[in-house]
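J.: The structure file input_31.txt (compact mmCIF, C-alpha atoms and all ligand atoms) is provided below.
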# COMPACT_ATOMS: atom_id res chain seq x y z
CA MET A 1490 2.64 -20.88 -29.58
CA ALA A 1491 2.28 -18.76 -26.42
CA PRO A 1492 2.87 -15.03 -26.91
CA THR A 1493 6.22 -13.72 -25.66
CA ILE A 1494 5.95 -11.60 -22.55
CA THR A 1495 8.55 -9.69 -20.62
CA VAL A 1496 9.12 -11.56 -17.38
CA VAL A 1497 8.96 -9.23 -14.39
CA SER A 1498 8.56 -10.58 -10.90
CA TRP A 1499 6.55 -7.62 -9.59
CA PRO A 1500 5.82 -4.56 -11.79
CA GLU A 1501 4.61 -1.28 -10.33
CA ALA A 1502 1.57 -1.47 -12.62
CA PHE A 1503 0.27 -4.48 -10.68
CA ALA A 1504 -0.01 -2.32 -7.56
CA GLU A 1505 -2.90 -0.38 -9.09
CA ARG A 1506 -5.03 -3.52 -9.15
CA TYR A 1507 -3.71 -5.25 -6.01
CA GLU A 1508 -6.44 -3.96 -3.67
CA GLU A 1509 -9.05 -5.54 -5.95
CA TRP A 1510 -6.90 -8.60 -6.63
CA SER A 1511 -6.46 -9.37 -2.92
CA ALA A 1512 -9.84 -8.22 -1.58
CA ALA A 1513 -11.14 -11.76 -1.03
CA MET A 1514 -7.87 -13.02 0.48
CA THR A 1515 -8.58 -13.18 4.20
CA ALA A 1516 -8.06 -16.82 5.24
CA ASP A 1517 -4.36 -16.32 5.99
CA ILE A 1518 -4.74 -13.33 8.31
CA PRO A 1519 -5.72 -15.19 11.54
CA PHE A 1520 -2.84 -17.62 10.96
CA TYR A 1521 -0.22 -14.86 10.81
CA VAL A 1522 -1.92 -12.92 13.62
CA ARG A 1523 -1.73 -15.97 15.90
CA LEU A 1524 2.01 -16.38 15.27
CA ALA A 1525 2.63 -12.68 15.90
CA ARG A 1526 0.76 -12.88 19.20
CA GLU A 1527 3.10 -15.66 20.28
CA THR A 1528 6.19 -13.43 20.34
CA GLU A 1529 7.11 -10.36 22.34
CA ASP A 1530 10.00 -9.62 19.99
CA ALA A 1531 10.10 -7.72 16.71
CA VAL A 1532 7.74 -8.82 13.91
CA ILE A 1533 8.72 -8.38 10.26
CA GLU A 1534 6.77 -9.01 7.05
CA LEU A 1535 8.67 -9.68 3.83
CA GLY A 1536 6.91 -8.39 0.69
CA VAL A 1537 4.50 -6.37 2.85
CA GLY A 1538 2.69 -5.03 -0.21
CA ASN A 1539 -0.39 -2.98 0.61
CA GLY A 1540 -0.36 -3.96 4.29
CA ARG A 1541 -3.26 -6.37 3.83
CA VAL A 1542 -1.77 -8.65 6.54
CA ALA A 1543 0.64 -6.31 8.36
CA VAL A 1544 -2.11 -3.88 9.38
CA PRO A 1545 -4.34 -6.45 11.12
CA VAL A 1546 -1.22 -8.03 12.66
CA ALA A 1547 -0.07 -4.67 14.09
CA GLU A 1548 -3.61 -4.00 15.30
CA ALA A 1549 -3.83 -7.39 17.03
CA ILE A 1550 -0.49 -7.18 18.83
CA GLY A 1551 -0.70 -3.45 19.60
CA ARG A 1552 2.87 -2.97 18.38
CA ARG A 1553 4.72 -1.81 15.32
CA VAL A 1554 5.28 -4.26 12.47
CA THR A 1555 8.18 -3.75 10.08
CA GLY A 1556 7.37 -4.29 6.40
CA ILE A 1557 9.92 -4.69 3.61
CA ASP A 1558 8.96 -4.33 -0.03
CA LEU A 1559 10.63 -3.60 -3.36
CA SER A 1560 7.71 -1.61 -4.69
CA PRO A 1561 7.24 2.07 -3.78
CA ALA A 1562 3.67 1.91 -5.13
CA MET A 1563 2.77 -1.01 -2.84
CA LEU A 1564 4.44 0.68 0.14
CA ALA A 1565 2.36 3.80 -0.53
CA LEU A 1566 -0.80 1.67 -0.31
CA ALA A 1567 0.43 0.15 2.97
CA ARG A 1568 1.13 3.61 4.37
CA GLU A 1569 -2.41 4.76 3.51
CA ARG A 1570 -3.94 1.66 5.07
CA ALA A 1571 -1.88 2.05 8.27
CA VAL A 1572 -2.88 5.71 8.63
CA ALA A 1573 -6.54 4.90 7.99
CA THR A 1574 -6.46 2.14 10.63
CA GLY A 1575 -4.33 4.05 13.12
CA VAL A 1576 -1.58 1.45 13.43
CA GLU A 1577 2.16 1.88 13.21
CA LEU A 1578 4.06 0.20 10.40
CA ASP A 1579 7.79 0.68 9.87
CA LEU A 1580 7.85 0.49 6.07
CA ARG A 1581 11.14 0.04 4.28
CA GLU A 1582 11.85 -0.10 0.59
CA GLY A 1583 14.24 -2.95 -0.08
CA ASN A 1584 14.83 -6.42 -1.41
CA MET A 1585 14.07 -9.29 0.96
CA ARG A 1586 17.28 -10.90 -0.32
CA GLU A 1587 19.20 -8.15 1.45
CA LEU A 1588 17.24 -8.15 4.71
CA VAL A 1589 19.08 -6.35 7.53
CA VAL A 1590 17.38 -5.69 10.86
CA ASP A 1591 18.00 -3.29 13.77
CA GLN A 1592 17.03 -5.88 16.37
CA SER A 1593 16.69 -9.65 16.06
CA ALA A 1594 13.12 -10.67 15.34
CA GLY A 1595 10.80 -13.12 17.05
CA LEU A 1596 8.78 -13.62 13.87
CA ILE A 1597 9.47 -13.04 10.19
CA TYR A 1598 6.64 -13.97 7.86
CA CYS A 1599 5.91 -13.82 4.15
CA PRO A 1600 2.25 -14.24 3.13
CA ALA A 1601 0.51 -14.41 -0.24
CA ARG A 1602 3.14 -16.61 -1.87
CA ALA A 1603 5.47 -13.61 -2.12
CA LEU A 1604 8.60 -15.81 -1.88
CA LEU A 1605 7.59 -17.15 -5.29
CA HIS A 1606 8.41 -13.76 -6.81
CA LEU A 1607 12.09 -14.60 -6.28
CA PRO A 1608 13.17 -16.01 -9.65
CA THR A 1609 16.01 -18.35 -8.67
CA TRP A 1610 16.92 -20.86 -6.00
CA ALA A 1611 19.97 -18.69 -5.23
CA ASP A 1612 17.63 -15.72 -4.51
CA ARG A 1613 15.67 -17.89 -2.11
CA ARG A 1614 18.73 -19.36 -0.46
CA ARG A 1615 20.07 -15.86 0.11
CA THR A 1616 16.69 -14.77 1.54
CA PHE A 1617 16.53 -17.74 3.90
CA GLU A 1618 20.09 -17.04 5.06
CA ARG A 1619 19.20 -13.39 5.75
CA VAL A 1620 16.05 -14.50 7.60
CA ALA A 1621 18.04 -16.93 9.76
CA ALA A 1622 20.58 -14.20 10.54
CA SER A 1623 17.76 -11.79 11.48
CA LEU A 1624 15.90 -14.07 13.89
CA LYS A 1625 16.54 -14.62 17.58
CA PRO A 1626 17.42 -18.21 18.49
CA GLY A 1627 14.05 -19.98 18.53
CA GLY A 1628 12.51 -17.18 16.42
CA ARG A 1629 10.10 -18.25 13.69
CA PHE A 1630 9.85 -17.86 9.93
CA ALA A 1631 6.42 -18.55 8.42
CA TRP A 1632 5.28 -18.44 4.80
CA ASN A 1633 2.84 -19.97 2.37
CA ALA A 1634 3.21 -21.01 -1.26
CA PHE A 1635 1.07 -22.96 -3.70
CA ALA A 1636 1.87 -26.59 -4.51
CA PHE A 1637 2.11 -26.86 -8.29
CA ASP A 1638 -0.82 -28.93 -9.58
CA HIS A 1639 -0.60 -29.95 -13.23
CA ARG A 1640 -4.39 -30.48 -13.31
CA ILE A 1641 -5.02 -26.84 -12.38
CA ALA A 1642 -2.37 -25.70 -14.86
CA ALA A 1643 -3.92 -27.75 -17.67
CA GLY A 1644 -7.35 -26.30 -16.92
CA ILE A 1645 -6.46 -22.61 -16.88
CA ASP A 1646 -3.34 -22.20 -19.03
CA GLY A 1647 -4.06 -19.40 -21.52
CA GLU A 1648 -7.74 -19.10 -20.48
CA ARG A 1649 -9.16 -15.70 -19.66
CA GLN A 1650 -10.52 -15.48 -16.13
CA ASN A 1651 -12.72 -12.75 -14.70
CA GLU A 1652 -12.07 -13.13 -10.98
CA PRO A 1653 -10.76 -11.38 -8.97
CA VAL A 1654 -9.90 -9.04 -11.87
CA PRO A 1655 -9.82 -10.03 -15.55
CA HIS A 1656 -6.54 -11.81 -16.30
CA VAL A 1657 -4.82 -14.62 -18.17
CA VAL A 1658 -2.45 -17.16 -16.56
CA ARG A 1659 0.27 -18.88 -18.57
CA TYR A 1660 2.57 -21.65 -17.42
CA ALA A 1661 6.20 -21.85 -18.55
CA VAL A 1662 6.80 -25.35 -17.26
CA ALA A 1663 10.50 -25.59 -18.16
CA ASP A 1664 11.15 -22.47 -16.07
CA ASN A 1665 8.72 -23.53 -13.29
CA ARG A 1666 7.11 -20.12 -13.88
CA VAL A 1667 3.59 -18.76 -13.92
CA ASP A 1668 2.91 -15.44 -15.67
CA ILE A 1669 -0.23 -13.54 -14.72
CA THR A 1670 -1.24 -10.84 -17.19
CA LEU A 1671 -4.02 -8.41 -16.35
CA ASP A 1672 -6.22 -6.97 -19.06
CA ASP A 1673 -4.38 -3.65 -18.87
CA GLY A 1674 -1.13 -5.48 -19.72
CA ALA A 1675 0.47 -5.55 -16.25
CA THR A 1676 2.29 -8.86 -15.83
CA THR A 1677 3.69 -10.49 -12.73
CA SER A 1678 5.56 -13.79 -12.56
CA LEU A 1679 5.96 -16.45 -9.90
CA TRP A 1680 8.39 -19.35 -9.82
CA TRP A 1681 6.93 -22.36 -8.02
CA ALA A 1682 8.95 -24.66 -5.75
CA THR A 1683 8.47 -28.22 -4.56
CA LYS A 1684 8.22 -29.33 -0.94
CA ASN A 1685 11.76 -30.68 -1.08
CA GLU A 1686 13.12 -27.40 -2.39
CA TRP A 1687 11.57 -25.61 0.59
CA LEU A 1688 12.96 -28.21 2.99
CA GLY A 1689 16.38 -27.91 1.30
CA LEU A 1690 16.31 -24.16 1.86
CA LEU A 1691 15.75 -24.73 5.57
CA ASP A 1692 18.59 -27.21 5.60
CA VAL A 1693 21.16 -24.85 4.09
CA SER A 1694 20.14 -21.78 6.08
CA GLY A 1695 20.26 -23.07 9.64
CA LEU A 1696 16.50 -23.15 10.10
CA GLU A 1697 14.48 -26.17 11.14
CA LEU A 1698 10.95 -27.20 10.31
CA GLU A 1699 8.42 -26.72 13.09
CA ALA A 1700 5.28 -27.48 11.10
CA LEU A 1701 4.07 -27.94 7.54
CA TYR A 1702 0.33 -27.69 7.04
CA GLY A 1703 -1.90 -28.05 4.01
CA GLY A 1704 -3.95 -24.97 4.95
CA PHE A 1705 -4.21 -22.02 7.30
CA ASP A 1706 -6.39 -23.87 9.81
CA GLY A 1707 -3.64 -26.39 10.48
CA GLU A 1708 -5.00 -29.00 8.05
CA PRO A 1709 -2.43 -31.80 7.67
CA LEU A 1710 -0.51 -31.70 4.40
CA ALA A 1711 -2.09 -34.35 2.16
CA ASP A 1712 -1.16 -35.64 -1.28
CA ASP A 1713 -3.77 -33.36 -2.83
CA SER A 1714 -3.08 -30.24 -0.73
CA ARG A 1715 -2.76 -27.15 -2.87
CA GLU A 1716 -1.06 -24.86 -0.40
CA TYR A 1717 2.08 -25.29 1.69
CA VAL A 1718 1.86 -23.44 4.99
CA PHE A 1719 5.27 -23.54 6.65
CA ILE A 1720 6.51 -22.62 10.10
CA ALA A 1721 10.26 -22.87 10.61
CA ARG A 1722 12.46 -21.94 13.54
CA ARG A 1723 15.98 -20.73 14.00
CA ARG A 1724 17.96 -23.44 15.76
C1 LIG B 1 1.51 -10.90 -3.73
S1 LIG B 1 2.11 -9.40 -3.06
C2 LIG B 1 1.87 -9.71 -1.34
C3 LIG B 1 1.52 -8.47 -0.58
C4 LIG B 1 1.13 -8.70 0.88
N1 LIG B 1 2.18 -9.35 1.64
C5 LIG B 1 -0.12 -9.55 1.00
O1 LIG B 1 -0.07 -10.54 1.73
O2 LIG B 1 -1.13 -9.23 0.39
C6 LIG B 1 3.85 -9.63 -3.26
C7 LIG B 1 4.68 -8.44 -2.78
O3 LIG B 1 6.04 -8.86 -2.74
C8 LIG B 1 6.84 -7.77 -3.17
N2 LIG B 1 8.12 -8.32 -3.63
C9 LIG B 1 8.36 -9.10 -4.70
N3 LIG B 1 9.66 -9.43 -4.76
C10 LIG B 1 10.25 -8.84 -3.66
C11 LIG B 1 11.58 -8.82 -3.16
N4 LIG B 1 12.56 -9.46 -3.78
N5 LIG B 1 11.82 -8.13 -2.03
C12 LIG B 1 10.82 -7.46 -1.40
N6 LIG B 1 9.55 -7.45 -1.84
C13 LIG B 1 9.26 -8.13 -2.95
C14 LIG B 1 6.02 -7.12 -4.27
O4 LIG B 1 6.44 -5.79 -4.50
C15 LIG B 1 4.62 -7.22 -3.70
O5 LIG B 1 4.27 -6.10 -2.96
Is it possible to express this structure as structure tokens?
T.:
Amino acid sequence: MAPTITVVSWPEAFAERYEEWSAAMTADIPFYVRLARETEDAVIELGVGNGRVAVPVAEAIGRRVTGIDLSPAMLALARERAVATGVELDLREGNMRELVVDQSAGLIYCPARALLHLPTWADRRRTFERVAASLKPGGRFAWNAFAFDHRIAAGIDGERQNEPVPHVVRYAVADNRVDITLDDGATTSLWWATKNEWLGLLDVSGLELEALYGGFDGEPLADDSREYVFIARRR
């Protein structure tokens, strides 16, 4: 029987290892940079974390990027990174479910599967509604999320892995949840969603699908794609 863990979507303790955890994650940055370059209006990142994406986006567009995150520890990392790079981030502590903006945005984006840290469909519906209300007409919402693959799950469930930092992944299939536990005990959980759940969220929130790719280079979504890369638009 799998050990019982306390389910937490994003604990502060994970922040200490996030720089290491995300160091090799670079493939998504040009994708989000390209979208940000295509708007002259405000750009907002949900779950901005350590600024891994927001900093190169702000650098590329030469303008401030707003970043929302629940975690003070992650926001502190983003602040350090922005100062070190000399870019301006407007960092706000808050829940993406409660997104409120000063001016309607041209682009809202959510990299690194961060929408999967929302535990319920109601959390996601609320987030999508707030995103739709925060975009200009025609403004875009982009995000990526893994496609659940039972073959991957079967291969790694409960197995210790060393990269990018030592950790164990456990799947709670009945709760469509993945728990990642680092060796120091920090645990974060993600709740996966199917393609039709994502499309349903667009449907109920007044957004429409612009594109759905199977990768950050615009690869078509195929039956064996492992990542959903979505671009939606406010009607
Ligand atoms: C996987 S990290 C992604 C960080 C960064 N966006 C990146 O691409 O590397 C997920 C981030 O989402 C944040 N987060 C989780 N749930 C959130 C919520 N409901 N509202 C705002 N931020 C949230 C976490 O604190 C964490 O910083």
J.: Residues up to 6 Å from ligand LIG 1 (chain B), counting all atoms listed in the file: could you list those as a list in words?
T.: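 Written in the requested form, the residues are Trp1499, Gly1536, Val1537, Gly1538, Asn1539, Arg1541, Val1542, Ile1557, Asp1558, Leu1559, Ser1560, Met1563, Gly1583, Asn1584, Met1585, Pro1600, Ala1601, Ala1603, His1606 and Leu1607 of chain A.
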J.: Have a look at A:Ala1636, A:Ala1502, A:Val1693, A:Ala1682 and name the one nearest to Arg1619 in chain A; count only C-alpha atoms.
T.: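 Smallest separation from Arg1619 in chain A among the options: A:Val1693.
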J.: Given all atoms listed in the file as the basis, pick out the residue of A:Asn1685, A:Ser1511, A:Thr1555, A:Ser1694 nearest to Thr1616 in chain A.
T.: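 Residue with the minimum atom-to-atom distance to Thr1616 in chain A: A:Ser1694.
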J.: Here is a test: counting all atoms listed in the file, which residue of A:Glu1529, A:Asp1664, A:Asp1646, A:Asp1517 is nearest to Ser1593 in chain A?
T.: A:Glu1529
J.: Closest to Gly1689 in chain A among A:Ala1571, A:Phe1617, A:Gly1551, A:Glu1708, using all atoms listed in the file?
T.: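 Using all atoms listed in the file, Gly1689 in chain A sits closest to A:Phe1617.
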J.: Identify which of the residues A:Glu1548, A:Glu1587, A:Glu1686, A:Glu1501 lies closest to Val1572 in chain A, counting only C-alpha atoms when measuring atom-to-atom distances.
T.: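 The shortest atom-to-atom distance to Val1572 in chain A comes from A:Glu1548.
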J.: List the spatial neighbours of Pro1655 in chain A as an MDAnalysis selection string - criterion: any atom at most 7 Å away, all atoms listed in the file, same-chain residues fewer than 3 positions off excluded.
T.: chainID A and resid 1650:1652 1671:1672
J.: Could you add the missing atoms to range 1650-1678 of chain A, up to N, CA and C atoms, and return them as a compact mmCIF listing (two decimals), keeping the file's coordinate frame?
T.:
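Below is the file that was written, selection34.txt:
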# COMPACT_ATOMS: atom_id res chain seq x y z
N GLN A 1650 -9.69 -15.34 -17.33
CA GLN A 1650 -10.52 -15.48 -16.13
C GLN A 1650 -10.97 -14.10 -15.65
N ASN A 1651 -12.17 -14.05 -15.09
CA ASN A 1651 -12.72 -12.75 -14.70
C ASN A 1651 -12.48 -12.39 -13.25
N GLU A 1652 -12.20 -13.39 -12.41
CA GLU A 1652 -12.07 -13.13 -10.98
C GLU A 1652 -10.63 -13.32 -10.53
N PRO A 1653 -10.12 -12.54 -9.61
CA PRO A 1653 -10.76 -11.38 -8.97
C PRO A 1653 -10.76 -10.14 -9.85
N VAL A 1654 -9.83 -10.07 -10.83
CA VAL A 1654 -9.90 -9.04 -11.87
C VAL A 1654 -9.57 -9.76 -13.17
N PRO A 1655 -10.06 -9.29 -14.30
CA PRO A 1655 -9.82 -10.03 -15.55
C PRO A 1655 -8.32 -10.23 -15.81
N HIS A 1656 -7.96 -11.50 -16.09
CA HIS A 1656 -6.54 -11.81 -16.30
C HIS A 1656 -6.39 -13.13 -17.06
N VAL A 1657 -5.16 -13.35 -17.53
CA VAL A 1657 -4.82 -14.62 -18.17
C VAL A 1657 -3.59 -15.18 -17.45
N VAL A 1658 -3.59 -16.50 -17.21
CA VAL A 1658 -2.45 -17.16 -16.56
C VAL A 1658 -1.78 -18.05 -17.60
N ARG A 1659 -0.47 -17.97 -17.68
CA ARG A 1659 0.27 -18.88 -18.57
C ARG A 1659 1.37 -19.58 -17.80
N TYR A 1660 1.55 -20.84 -18.11
CA TYR A 1660 2.57 -21.65 -17.42
C TYR A 1660 3.76 -21.87 -18.33
N ALA A 1661 4.95 -21.55 -17.84
CA ALA A 1661 6.20 -21.85 -18.55
C ALA A 1661 6.84 -22.99 -17.76
N VAL A 1662 6.47 -24.20 -18.11
CA VAL A 1662 6.80 -25.35 -17.26
C VAL A 1662 8.31 -25.54 -17.12
N ALA A 1663 9.05 -25.35 -18.21
CA ALA A 1663 10.50 -25.59 -18.16
C ALA A 1663 11.20 -24.60 -17.24
N ASP A 1664 10.56 -23.47 -16.97
CA ASP A 1664 11.15 -22.47 -16.07
C ASP A 1664 10.40 -22.46 -14.73
N ASN A 1665 9.62 -23.47 -14.46
CA ASN A 1665 8.72 -23.53 -13.29
C ASN A 1665 8.15 -22.13 -12.96
N ARG A 1666 7.57 -21.52 -14.00
CA ARG A 1666 7.11 -20.12 -13.88
C ARG A 1666 5.66 -19.99 -14.28
N VAL A 1667 4.96 -19.12 -13.56
CA VAL A 1667 3.59 -18.76 -13.92
C VAL A 1667 3.58 -17.26 -14.20
N ASP A 1668 3.03 -16.86 -15.34
CA ASP A 1668 2.91 -15.44 -15.67
C ASP A 1668 1.44 -15.06 -15.59
N ILE A 1669 1.16 -14.02 -14.83
CA ILE A 1669 -0.23 -13.54 -14.72
C ILE A 1669 -0.29 -12.20 -15.43
N THR A 1670 -1.14 -12.10 -16.43
CA THR A 1670 -1.24 -10.84 -17.19
C THR A 1670 -2.65 -10.28 -17.03
N LEU A 1671 -2.72 -9.08 -16.49
CA LEU A 1671 -4.02 -8.41 -16.35
C LEU A 1671 -4.43 -7.82 -17.68
N ASP A 1672 -5.72 -7.50 -17.79
CA ASP A 1672 -6.22 -6.97 -19.06
C ASP A 1672 -5.54 -5.68 -19.49
N ASP A 1673 -5.05 -4.91 -18.49
CA ASP A 1673 -4.38 -3.65 -18.87
C ASP A 1673 -2.91 -3.89 -19.24
N GLY A 1674 -2.48 -5.17 -19.27
CA GLY A 1674 -1.13 -5.48 -19.72
C GLY A 1674 -0.13 -5.71 -18.60
N ALA A 1675 -0.47 -5.34 -17.36
CA ALA A 1675 0.47 -5.55 -16.25
C ALA A 1675 0.70 -7.05 -16.06
N THR A 1676 1.97 -7.44 -15.97
CA THR A 1676 2.29 -8.86 -15.83
C THR A 1676 3.15 -9.07 -14.60
N THR A 1677 2.82 -10.10 -13.83
CA THR A 1677 3.69 -10.49 -12.73
C THR A 1677 3.98 -11.97 -12.86
N SER A 1678 5.17 -12.39 -12.43
CA SER A 1678 5.56 -13.79 -12.56
C SER A 1678 5.90 -14.39 -11.21
